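What follows is the content of target-v9.csv (CSV, N, CA, C and O atoms).
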```
chain,number,residue,atom,x,y,z
A,1,MET,N,144.4,82.9,50.9
A,1,MET,CA,143.0,83.2,51.2
A,1,MET,C,142.7,82.8,52.6
A,1,MET,O,143.1,81.7,53.0
A,2,ARG,N,142.1,83.7,53.3
A,2,ARG,CA,141.7,83.4,54.7
A,2,ARG,C,140.3,82.9,54.8
A,2,ARG,O,139.4,83.3,54.1
A,3,HIS,N,140.1,82.0,55.8
A,3,HIS,CA,138.8,81.4,56.1
A,3,HIS,C,138.6,81.6,57.6
A,3,HIS,O,139.5,82.1,58.4
A,4,SER,N,137.4,81.3,58.1
A,4,SER,CA,137.1,81.3,59.5
A,4,SER,C,136.5,80.0,59.9
A,4,SER,O,135.8,79.3,59.1
A,5,ALA,N,136.7,79.6,61.2
A,5,ALA,CA,136.1,78.4,61.8
A,5,ALA,C,135.7,78.7,63.2
A,5,ALA,O,136.4,79.5,63.9
A,6,THR,N,134.6,78.2,63.6
A,6,THR,CA,134.2,78.3,65.0
A,6,THR,C,134.1,77.0,65.7
A,6,THR,O,133.7,76.0,65.0
A,7,GLY,N,134.4,76.9,67.0
A,7,GLY,CA,134.3,75.7,67.7
A,7,GLY,C,134.9,75.8,69.1
A,7,GLY,O,135.2,77.0,69.6
A,8,THR,N,135.1,74.7,69.7
A,8,THR,CA,135.6,74.6,71.1
A,8,THR,C,137.1,74.2,71.0
A,8,THR,O,137.4,73.2,70.4
A,9,VAL,N,138.0,74.9,71.7
A,9,VAL,CA,139.4,74.5,71.8
A,9,VAL,C,139.5,73.3,72.7
A,9,VAL,O,139.1,73.3,73.9
A,10,LEU,N,140.0,72.2,72.2
A,10,LEU,CA,140.1,70.9,72.9
A,10,LEU,C,141.4,70.9,73.8
A,10,LEU,O,141.4,70.4,74.9
A,11,TYR,N,142.5,71.3,73.2
A,11,TYR,CA,143.8,71.4,73.9
A,11,TYR,C,144.7,72.4,73.2
A,11,TYR,O,144.5,72.7,72.1
A,12,ALA,N,145.7,72.8,73.9
A,12,ALA,CA,146.7,73.7,73.4
A,12,ALA,C,148.0,73.4,74.0
A,12,ALA,O,148.2,73.0,75.1
A,13,GLN,N,149.1,73.5,73.1
A,13,GLN,CA,150.4,73.1,73.5
A,13,GLN,C,151.4,73.8,72.5
A,13,GLN,O,151.3,73.6,71.3
A,14,GLU,N,152.3,74.6,73.1
A,14,GLU,CA,153.5,75.1,72.4
A,14,GLU,C,153.1,75.8,71.0
A,14,GLU,O,153.6,75.5,70.0
A,15,GLY,N,152.1,76.7,71.1
A,15,GLY,CA,151.7,77.4,69.9
A,15,GLY,C,150.8,76.6,68.9
A,15,GLY,O,150.5,77.1,67.8
A,16,ARG,N,150.3,75.5,69.4
A,16,ARG,CA,149.4,74.7,68.6
A,16,ARG,C,148.1,74.4,69.4
A,16,ARG,O,148.2,74.4,70.6
A,17,PHE,N,147.0,74.3,68.7
A,17,PHE,CA,145.8,73.9,69.4
A,17,PHE,C,144.8,73.2,68.4
A,17,PHE,O,145.0,73.3,67.2
A,18,ARG,N,143.9,72.4,69.0
A,18,ARG,CA,142.9,71.7,68.2
A,18,ARG,C,141.5,72.2,68.5
A,18,ARG,O,141.2,72.4,69.7
A,19,LEU,N,140.8,72.5,67.4
A,19,LEU,CA,139.5,73.1,67.5
A,19,LEU,C,138.5,72.0,67.1
A,19,LEU,O,138.7,71.3,66.1
A,20,LEU,N,137.4,71.8,67.9
A,20,LEU,CA,136.3,70.9,67.6
A,20,LEU,C,135.2,71.7,67.1
A,20,LEU,O,134.6,72.5,67.8
A,21,THR,N,134.8,71.5,65.8
A,21,THR,CA,133.8,72.3,65.2
A,21,THR,C,132.4,71.8,65.6
A,21,THR,O,132.3,70.6,66.0
A,22,PRO,N,131.3,72.5,65.4
A,22,PRO,CA,130.0,72.0,65.8
A,22,PRO,C,129.6,70.8,65.0
A,22,PRO,O,128.8,70.0,65.5
A,23,ASP,N,130.1,70.6,63.8
A,23,ASP,CA,129.8,69.4,63.0
A,23,ASP,C,130.7,68.2,63.3
A,23,ASP,O,130.7,67.2,62.6
A,24,GLY,N,131.5,68.3,64.4
A,24,GLY,CA,132.4,67.2,64.8
A,24,GLY,C,133.7,67.1,64.2
A,24,GLY,O,134.5,66.1,64.5
A,25,ARG,N,134.1,68.0,63.4
A,25,ARG,CA,135.5,67.9,62.8
A,25,ARG,C,136.5,68.5,63.8
A,25,ARG,O,136.2,69.5,64.5
A,26,GLY,N,137.7,67.9,63.8
A,26,GLY,CA,138.8,68.4,64.6
A,26,GLY,C,139.8,69.1,63.7
A,26,GLY,O,140.2,68.5,62.7
A,27,ILE,N,140.2,70.3,63.9
A,27,ILE,CA,141.1,71.0,63.1
A,27,ILE,C,142.3,71.4,63.9
A,27,ILE,O,142.2,72.0,65.0
A,28,LEU,N,143.5,71.1,63.4
A,28,LEU,CA,144.7,71.5,64.1
A,28,LEU,C,145.2,72.8,63.6
A,28,LEU,O,145.2,73.0,62.3
A,29,PHE,N,145.6,73.7,64.5
A,29,PHE,CA,146.1,75.0,64.1
A,29,PHE,C,147.5,75.3,64.7
A,29,PHE,O,147.8,74.8,65.8
A,30,ILE,N,148.2,76.1,64.0
A,30,ILE,CA,149.5,76.6,64.5
A,30,ILE,C,149.4,78.1,64.5
A,30,ILE,O,148.9,78.7,63.5
A,31,LEU,N,149.8,78.8,65.6
A,31,LEU,CA,149.7,80.3,65.6
A,31,LEU,C,150.6,80.9,64.6
A,31,LEU,O,151.8,80.5,64.5
A,32,ALA,N,150.1,81.9,63.9
A,32,ALA,CA,150.9,82.7,63.0
A,32,ALA,C,151.9,83.5,63.8
A,32,ALA,O,151.5,83.9,64.9
A,33,HIS,N,153.0,83.8,63.3
A,33,HIS,CA,154.0,84.7,64.0
A,33,HIS,C,153.4,86.1,64.2
A,33,HIS,O,153.8,86.7,65.2
A,34,ASP,N,152.5,86.6,63.4
A,34,ASP,CA,152.0,87.9,63.6
A,34,ASP,C,150.6,87.9,64.3
A,34,ASP,O,150.0,88.9,64.4
A,35,SER,N,150.3,86.8,64.9
A,35,SER,CA,149.0,86.7,65.6
A,35,SER,C,149.1,87.5,66.9
A,35,SER,O,150.1,87.5,67.6
A,36,ALA,N,148.0,88.1,67.3
A,36,ALA,CA,147.9,88.9,68.5
A,36,ALA,C,147.9,87.9,69.7
A,36,ALA,O,148.3,88.3,70.8
A,37,VAL,N,147.4,86.7,69.5
A,37,VAL,CA,147.4,85.7,70.6
A,37,VAL,C,148.8,85.0,70.6
A,37,VAL,O,149.3,84.7,69.5
A,38,GLN,N,149.4,84.9,71.7
A,38,GLN,CA,150.7,84.3,71.9
A,38,GLN,C,150.5,82.9,72.5
A,38,GLN,O,149.5,82.5,73.0
A,39,SER,N,151.5,82.1,72.3
A,39,SER,CA,151.4,80.7,72.7
A,39,SER,C,151.1,80.6,74.2
A,39,SER,O,150.4,79.7,74.6
A,40,GLN,N,151.6,81.5,75.1
A,40,GLN,CA,151.3,81.4,76.5
A,40,GLN,C,149.9,81.8,76.8
A,40,GLN,O,149.4,81.5,77.9
A,41,ASP,N,149.1,82.4,75.8
A,41,ASP,CA,147.7,82.7,76.0
A,41,ASP,C,146.8,81.5,75.7
A,41,ASP,O,145.7,81.5,76.2
A,42,LEU,N,147.3,80.6,75.0
A,42,LEU,CA,146.4,79.5,74.5
A,42,LEU,C,145.8,78.7,75.6
A,42,LEU,O,144.6,78.3,75.4
A,43,PRO,N,146.4,78.3,76.7
A,43,PRO,CA,145.7,77.5,77.7
A,43,PRO,C,144.5,78.1,78.2
A,43,PRO,O,143.5,77.4,78.6
A,44,GLY,N,144.4,79.5,78.2
A,44,GLY,CA,143.2,80.2,78.7
A,44,GLY,C,142.0,80.0,77.7
A,44,GLY,O,140.9,80.3,78.1
A,45,PHE,N,142.2,79.5,76.5
A,45,PHE,CA,141.1,79.3,75.6
A,45,PHE,C,140.6,77.8,75.6
A,45,PHE,O,139.6,77.5,75.0
A,46,VAL,N,141.3,76.9,76.3
A,46,VAL,CA,140.8,75.5,76.3
A,46,VAL,C,139.4,75.4,77.0
A,46,VAL,O,139.1,76.1,78.0
A,47,ASN,N,138.6,74.6,76.3
A,47,ASN,CA,137.2,74.4,76.7
A,47,ASN,C,136.3,75.7,76.5
A,47,ASN,O,135.2,75.8,77.0
A,48,ARG,N,136.8,76.6,75.7
A,48,ARG,CA,136.0,77.8,75.3
A,48,ARG,C,135.7,77.8,73.9
A,48,ARG,O,136.4,77.3,73.0
A,49,GLN,N,134.6,78.5,73.6
A,49,GLN,CA,134.1,78.6,72.2
A,49,GLN,C,134.8,79.8,71.6
A,49,GLN,O,134.9,80.9,72.1
A,50,VAL,N,135.4,79.6,70.4
A,50,VAL,CA,136.2,80.7,69.7
A,50,VAL,C,135.9,80.7,68.2
A,50,VAL,O,135.4,79.7,67.7
A,51,ARG,N,136.3,81.8,67.6
A,51,ARG,CA,136.3,82.0,66.2
A,51,ARG,C,137.7,82.2,65.8
A,51,ARG,O,138.4,83.1,66.3
A,52,VAL,N,138.2,81.4,64.8
A,52,VAL,CA,139.6,81.5,64.3
A,52,VAL,C,139.6,81.9,62.9
A,52,VAL,O,138.9,81.3,62.1
A,53,THR,N,140.4,82.9,62.5
A,53,THR,CA,140.6,83.3,61.1
A,53,THR,C,141.9,82.6,60.8
A,53,THR,O,142.9,82.7,61.5
A,54,HIS,N,141.9,81.8,59.7
A,54,HIS,CA,143.1,81.0,59.3
A,54,HIS,C,143.3,80.9,57.8
A,54,HIS,O,142.5,81.3,57.0
A,55,SER,N,144.5,80.4,57.5
A,55,SER,CA,144.8,80.1,56.1
A,55,SER,C,145.6,78.8,56.1
A,55,SER,O,146.0,78.2,57.1
A,56,ALA,N,145.7,78.2,54.8
A,56,ALA,CA,146.3,77.0,54.6
A,56,ALA,C,147.8,77.1,54.9
A,56,ALA,O,148.4,78.1,54.6
A,57,ALA,N,148.4,76.0,55.3
A,57,ALA,CA,149.9,75.9,55.5
A,57,ALA,C,150.4,74.9,54.5
A,57,ALA,O,150.2,73.7,54.7
A,58,PRO,N,150.9,75.3,53.3
A,58,PRO,CA,151.3,74.3,52.3
A,58,PRO,C,152.3,73.3,52.9
A,58,PRO,O,153.3,73.7,53.6
A,59,GLY,N,152.0,72.0,52.6
A,59,GLY,CA,152.9,71.0,53.1
A,59,GLY,C,152.6,70.5,54.5
A,59,GLY,O,153.3,69.6,55.0
A,60,LEU,N,151.7,71.1,55.2
A,60,LEU,CA,151.4,70.7,56.6
A,60,LEU,C,149.9,70.3,56.7
A,60,LEU,O,149.1,70.8,55.9
A,61,ARG,N,149.6,69.5,57.7
A,61,ARG,CA,148.2,69.2,57.9
A,61,ARG,C,147.5,70.3,58.7
A,61,ARG,O,146.3,70.4,58.7
A,62,ALA,N,148.3,71.1,59.5
A,62,ALA,CA,147.7,72.1,60.3
A,62,ALA,C,147.4,73.4,59.5
A,62,ALA,O,147.9,73.6,58.4
A,63,GLN,N,146.5,74.2,60.0
A,63,GLN,CA,146.1,75.5,59.4
A,63,GLN,C,146.9,76.5,60.2
A,63,GLN,O,147.2,76.3,61.4
A,64,ILE,N,147.1,77.7,59.6
A,64,ILE,CA,147.8,78.8,60.3
A,64,ILE,C,146.7,79.7,60.9
A,64,ILE,O,145.9,80.3,60.1
A,65,ALA,N,146.7,79.9,62.2
A,65,ALA,CA,145.7,80.8,62.9
A,65,ALA,C,146.3,82.2,62.9
A,65,ALA,O,147.3,82.4,63.6
A,66,HIS,N,145.6,83.1,62.3
A,66,HIS,CA,146.0,84.5,62.3
A,66,HIS,C,145.3,85.3,63.4
A,66,HIS,O,145.9,86.3,63.9
A,67,SER,N,144.1,85.0,63.7
A,67,SER,CA,143.4,85.6,64.8
A,67,SER,C,142.5,84.7,65.5
A,67,SER,O,142.0,83.7,64.9
A,68,MET,N,142.2,85.0,66.8
A,68,MET,CA,141.4,84.1,67.6
A,68,MET,C,140.6,84.9,68.6
A,68,MET,O,141.2,85.7,69.3
A,69,GLN,N,139.3,84.7,68.6
A,69,GLN,CA,138.4,85.5,69.5
A,69,GLN,C,137.4,84.6,70.2
A,69,GLN,O,136.9,83.7,69.5
A,70,GLU,N,137.3,84.8,71.5
A,70,GLU,CA,136.2,84.0,72.2
A,70,GLU,C,134.9,84.5,71.7
A,70,GLU,O,134.6,85.7,71.5
A,71,THR,N,133.9,83.5,71.6
A,71,THR,CA,132.6,83.9,71.2
A,71,THR,C,131.6,83.4,72.3
A,71,THR,O,132.0,82.6,73.1
A,72,ALA,N,130.4,83.9,72.2
A,72,ALA,CA,129.4,83.4,73.2
A,72,ALA,C,129.0,82.0,72.8
A,72,ALA,O,128.9,81.6,71.7
A,73,ARG,N,128.6,81.2,73.8
A,73,ARG,CA,128.2,79.8,73.6
A,73,ARG,C,126.7,79.8,73.2
A,73,ARG,O,125.9,80.5,73.5
```
Can the structure from this file be put into structure tokens for me?
Amino acid sequence: MRHSATGTVLYAQEGRFRLLTPDGRGILFILAHDSAVQSQDLPGFVNRQVRVTHSAAPGLRAQIAHSMQETAR
């Protein structure tokens, strides 16, 4: 099942990024292999407001990011 989260990307590294949600939660994401966003694209999203469509990653603390779009602040 897929969910969505909105927030600000705090940092990005090697296909992973952390999102800070408006309610103060930090969520760690790993890019899905089929994501249109590639790991080399992630630094361009740092300090930007985005919406991420994601699913759970069994056995991991991170969520799997399937899509990511910049949103208006």
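Omitting region 54-61 of chain A and its sequence neighbours fewer than 2 positions away, and counting all atoms listed in the file, the residues within 5 Å are A:Met1, A:Arg2, A:His3, A:Ser4, A:Leu28, A:Val52, A:Gln63, A:Ile64, A:Ala65, A:His66.
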Exercise for review: Would you mind listing what lies within 12 Å of Gly26 (chain A) as a ChimeraX atom specification, with only C-alpha atoms counted and same-chain residues fewer than 6 positions away left out?
Suggested key: /A:5-11,17-20,61-63
Review point. Using the chain letters and numbers from this document, which residues of chain A does DSSP assign to helix (DSSP H, G or I), as JSON, numbers by chain?
Key: {"A": [39, 40, 41, 42, 43, 44, 45]}
Exercise for review: Taking the chain letters and numbering used in this document, name the residues of chain A that DSSP puts in strand (DSSP E), as a VMD selection string.
Suggested key: chain A and resid 3 to 13 16 to 20 26 to 31 49 to 56 63 to 70
